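Engineer: Before I ask anything, here is the structure I am working with.
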Amino acid sequence: MKISIIAVGKIKEKYLKDAIDEYKKRLSKFCTLDIIEVNEKVCKVENESNIKQVIELEGDEIIFKIDAFSKNGFVFALDILGKELSTMDLKNKMSEIKINGISDIAFIIGGSYGLCDKVKKRANLRLSFSKMTFPHQLFRVILMEQLYRVFKIENNEPYHK
């Protein structure tokens, strides 16, 4: 299985880079994992119009990366208004995707302002991990931990609770 995490922005903090590297190493036993970064755009003046323009520009880059990743892959857009799944539900969904013959899965993490509508519409499933807001850099670590947990469960391997 090939998993791509398409994320807006670069990770600057060493502790987050270290955590990402650790989970990438752990996940290599179960899948091929690519982290694809999209340049984060910044508003000089934050107003509704400028923010919309920023997420549209980021969205264009995300769509390009999704299409380069796989035309037939399954795309999860991480969205606070998406469907909440438990870890077991995510495992079951990923198993279902695999059973249906899809081996490419992408997870999309937006930037500070979120995701534009065209990215949300391009996704096969909008997924929410919580109604809480997380920094998008930290969320990469949270996502990778959950993917690792999913694969451990899928392979009947022990993992702390």
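If you're wondering about the labels, chains in the structure tokens are A, B, ... by order shown, residues count from 1 in each chain, ligands from 1 in order shown.
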I'd like the contact shell of region 100-102 of chain A - 9 Å cut-off, only C-alpha atoms, skipping same-chain residues fewer than 3 positions apart - returned as a PyMOL selection string.

Structural biologist: chain A and resi 1+72-74+95-97+105

Engineer: I need the residues from that last selection saved to file as a short mmCIF file (atom, residue, chain, number, x, y, z; two decimals), in the first residue's frame (with C-alpha atoms), if you can.

Structural biologist:
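New file result07.cif:
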```cif
data_model
loop_
_atom_site.label_atom_id
_atom_site.label_comp_id
_atom_site.auth_asym_id
_atom_site.auth_seq_id
_atom_site.Cartn_x
_atom_site.Cartn_y
_atom_site.Cartn_z
CA MET A 1 0.00 0.00 0.00
CA ASN A 72 -7.55 6.47 -9.02
CA GLY A 73 -6.35 6.63 -5.44
CA PHE A 74 -8.57 7.24 -2.42
CA SER A 95 -9.24 -2.32 4.73
CA GLU A 96 -12.35 -1.72 2.60
CA ILE A 97 -10.34 0.53 0.27
CA ILE A 105 -4.33 6.51 -0.34
#
```

Engineer: Mind checking DSSP for chain A and telling me the helix (DSSP H, G or I) residues as a PyMOL selection string?

Structural biologist: chain A and resi 14-27+48-69+87-99+117-122+136-154

Engineer: Could you list, as a VMD selection string, every residue within 12 Å of Lys44 (chain A), counting only C-alpha atoms and ignoring same-chain residues fewer than 6 positions away?

Structural biologist: chain A and resid 50 to 51 53 to 54

Engineer: Residues near Lys29 (chain A), anyone? I mean within 10 Å using only C-alpha atoms, not counting same-chain ones fewer than 5 positions away, as a short mmCIF file (atom, residue, chain, number, x, y, z; two decimals) with N, CA and C atoms, in the first residue's frame.

Structural biologist:
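Output file out_14.cif is given in full below:
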```
data_model
loop_
_atom_site.label_atom_id
_atom_site.label_comp_id
_atom_site.auth_asym_id
_atom_site.auth_seq_id
_atom_site.Cartn_x
_atom_site.Cartn_y
_atom_site.Cartn_z
N LYS A 24 7.64 7.60 10.43
CA LYS A 24 7.91 7.19 9.05
C LYS A 24 8.72 5.88 9.05
N TYR A 148 -0.03 4.43 12.05
CA TYR A 148 0.77 3.36 12.65
C TYR A 148 -0.11 2.45 13.50
N PHE A 151 -2.23 0.17 11.25
CA PHE A 151 -1.48 -0.95 10.69
C PHE A 151 -1.14 -2.00 11.75
#
```

Engineer: May I have the residues within 7 Å of Leu115 (chain A) as a list in words, using only C-alpha atoms and disregarding those fewer than 5 positions away in the same chain?

Structural biologist: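 These residues fall inside the cut-off: Ile55, Gly59, Gly110 and Lys120 of chain A.
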
Engineer: Using only C-alpha atoms, determine which residues lie at most 12 Å from Arg140 (chain A), disregarding the query and same-chain residues fewer than 2 positions distant; provide the list as a PyMOL selection string.

Structural biologist: chain A and resi 4-11+16-21+23-24+35-37+78+107-111+129+134-138+142-147

Engineer: Smallest atom-to-atom distance to Lys71 (chain A): which of A:Ala106, A:Cys31, A:Glu13, A:Val141, using only C-alpha atoms?

Structural biologist: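 Looking only at the distances to Lys71 (chain A), the closest residue turns out to be A:Ala106.
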
Engineer: Fewer than 2 positions away in the same chain doesn't count, so skip those; otherwise give me all residues within 12 Å of Leu127 (chain A), counting only C-alpha atoms, as a PyMOL selection string.

Structural biologist: chain A and resi 75-87+89-90+93+106-109+120+123-125+129-131+143

Engineer: Emit the selected residues as a PDB file, in the first residue's frame, including N, CA and C atoms.

Structural biologist:
```pdb
ATOM      1  N   VAL A  75      -8.798   9.508  -1.607  1.00  0.00           N
ATOM      2  CA  VAL A  75      -8.341  10.755  -0.991  1.00  0.00           C
ATOM      3  C   VAL A  75      -9.181  11.081   0.236  1.00  0.00           C
ATOM      4  N   PHE A  76      -8.487  11.226   1.368  1.00  0.00           N
ATOM      5  CA  PHE A  76      -9.088  11.709   2.605  1.00  0.00           C
ATOM      6  C   PHE A  76      -8.696  13.182   2.749  1.00  0.00           C
ATOM      7  N   ALA A  77      -9.660  14.065   2.883  1.00  0.00           N
ATOM      8  CA  ALA A  77      -9.374  15.463   3.203  1.00  0.00           C
ATOM      9  C   ALA A  77      -9.623  15.639   4.694  1.00  0.00           C
ATOM     10  N   LEU A  78      -8.610  16.074   5.421  1.00  0.00           N
ATOM     11  CA  LEU A  78      -8.756  16.299   6.852  1.00  0.00           C
ATOM     12  C   LEU A  78      -9.454  17.631   7.052  1.00  0.00           C
ATOM     13  N   ASP A  79     -10.641  17.558   7.628  1.00  0.00           N
ATOM     14  CA  ASP A  79     -11.533  18.711   7.697  1.00  0.00           C
ATOM     15  C   ASP A  79     -12.304  18.648   9.011  1.00  0.00           C
ATOM     16  N   ILE A  80     -12.241  19.697   9.780  1.00  0.00           N
ATOM     17  CA  ILE A  80     -12.907  19.724  11.086  1.00  0.00           C
ATOM     18  C   ILE A  80     -14.405  19.438  10.970  1.00  0.00           C
ATOM     19  N   LEU A  81     -15.000  19.728   9.796  1.00  0.00           N
ATOM     20  CA  LEU A  81     -16.423  19.473   9.590  1.00  0.00           C
ATOM     21  C   LEU A  81     -16.681  18.120   8.925  1.00  0.00           C
ATOM     22  N   GLY A  82     -15.625  17.324   8.766  1.00  0.00           N
ATOM     23  CA  GLY A  82     -15.764  16.014   8.142  1.00  0.00           C
ATOM     24  C   GLY A  82     -16.354  14.989   9.088  1.00  0.00           C
ATOM     25  N   LYS A  83     -16.369  13.744   8.631  1.00  0.00           N
ATOM     26  CA  LYS A  83     -16.913  12.642   9.408  1.00  0.00           C
ATOM     27  C   LYS A  83     -15.891  12.188  10.452  1.00  0.00           C
ATOM     28  N   GLU A  84     -16.354  12.035  11.676  1.00  0.00           N
ATOM     29  CA  GLU A  84     -15.474  11.534  12.731  1.00  0.00           C
ATOM     30  C   GLU A  84     -15.494  10.012  12.719  1.00  0.00           C
ATOM     31  N   LEU A  85     -14.303   9.422  12.735  1.00  0.00           N
ATOM     32  CA  LEU A  85     -14.154   7.974  12.801  1.00  0.00           C
ATOM     33  C   LEU A  85     -13.296   7.604  13.995  1.00  0.00           C
ATOM     34  N   SER A  86     -13.592   6.472  14.595  1.00  0.00           N
ATOM     35  CA  SER A  86     -12.698   5.931  15.610  1.00  0.00           C
ATOM     36  C   SER A  86     -11.494   5.323  14.893  1.00  0.00           C
ATOM     37  N   THR A  87     -10.478   4.952  15.635  1.00  0.00           N
ATOM     38  CA  THR A  87      -9.330   4.288  15.038  1.00  0.00           C
ATOM     39  C   THR A  87      -9.760   2.990  14.351  1.00  0.00           C
ATOM     40  N   ASP A  89     -12.716   2.342  13.105  1.00  0.00           N
ATOM     41  CA  ASP A  89     -13.458   2.716  11.897  1.00  0.00           C
ATOM     42  C   ASP A  89     -12.499   3.075  10.764  1.00  0.00           C
ATOM     43  N   LEU A  90     -11.417   3.790  11.092  1.00  0.00           N
ATOM     44  CA  LEU A  90     -10.418   4.136  10.081  1.00  0.00           C
ATOM     45  C   LEU A  90      -9.738   2.880   9.562  1.00  0.00           C
ATOM     46  N   LYS A  93     -12.151   1.235   7.236  1.00  0.00           N
ATOM     47  CA  LYS A  93     -12.264   1.978   5.978  1.00  0.00           C
ATOM     48  C   LYS A  93     -11.049   1.708   5.094  1.00  0.00           C
ATOM     49  N   ALA A 106      -4.298   8.916  -0.156  1.00  0.00           N
ATOM     50  CA  ALA A 106      -3.724  10.218   0.180  1.00  0.00           C
ATOM     51  C   ALA A 106      -4.523  10.849   1.312  1.00  0.00           C
ATOM     52  N   PHE A 107      -3.810  11.475   2.216  1.00  0.00           N
ATOM     53  CA  PHE A 107      -4.410  12.267   3.284  1.00  0.00           C
ATOM     54  C   PHE A 107      -3.982  13.711   3.042  1.00  0.00           C
ATOM     55  N   ILE A 108      -4.950  14.623   3.014  1.00  0.00           N
ATOM     56  CA  ILE A 108      -4.685  16.028   2.733  1.00  0.00           C
ATOM     57  C   ILE A 108      -4.811  16.833   4.022  1.00  0.00           C
ATOM     58  N   ILE A 109      -3.745  17.550   4.362  1.00  0.00           N
ATOM     59  CA  ILE A 109      -3.745  18.434   5.528  1.00  0.00           C
ATOM     60  C   ILE A 109      -3.601  19.858   5.022  1.00  0.00           C
ATOM     61  N   LYS A 120     -11.977  19.819  -0.994  1.00  0.00           N
ATOM     62  CA  LYS A 120     -12.953  19.028  -0.245  1.00  0.00           C
ATOM     63  C   LYS A 120     -13.828  18.205  -1.182  1.00  0.00           C
ATOM     64  N   ALA A 123     -12.012  15.126  -2.659  1.00  0.00           N
ATOM     65  CA  ALA A 123     -11.790  14.032  -1.709  1.00  0.00           C
ATOM     66  C   ALA A 123     -12.904  12.991  -1.804  1.00  0.00           C
ATOM     67  N   ASN A 124     -12.532  11.750  -1.548  1.00  0.00           N
ATOM     68  CA  ASN A 124     -13.518  10.681  -1.453  1.00  0.00           C
ATOM     69  C   ASN A 124     -14.208  10.701  -0.098  1.00  0.00           C
ATOM     70  N   LEU A 125     -13.484  11.187   0.915  1.00  0.00           N
ATOM     71  CA  LEU A 125     -14.047  11.273   2.262  1.00  0.00           C
ATOM     72  C   LEU A 125     -13.415  12.435   2.997  1.00  0.00           C
ATOM     73  N   PHE A 129     -10.695  14.400  12.823  1.00  0.00           N
ATOM     74  CA  PHE A 129     -10.154  13.680  13.968  1.00  0.00           C
ATOM     75  C   PHE A 129     -10.771  14.192  15.263  1.00  0.00           C
ATOM     76  N   SER A 130     -11.332  15.385  15.214  1.00  0.00           N
ATOM     77  CA  SER A 130     -11.895  15.987  16.413  1.00  0.00           C
ATOM     78  C   SER A 130     -12.549  17.302  16.024  1.00  0.00           C
ATOM     79  N   LYS A 131     -13.420  17.789  16.882  1.00  0.00           N
ATOM     80  CA  LYS A 131     -13.976  19.122  16.689  1.00  0.00           C
ATOM     81  C   LYS A 131     -12.976  20.190  17.143  1.00  0.00           C
ATOM     82  N   LEU A 143      -1.643  12.306  12.735  1.00  0.00           N
ATOM     83  CA  LEU A 143      -2.082  11.443  11.639  1.00  0.00           C
ATOM     84  C   LEU A 143      -1.173  10.231  11.503  1.00  0.00           C
TER      85      LEU A 143
END
```

Engineer: Could you give me, as a PyMOL selection string, each residue of chain A that DSSP assigns to strand (DSSP E) when run on this structure's backbone?

Structural biologist: chain A and resi 2-8+32-38+74-84+104-109+125-128
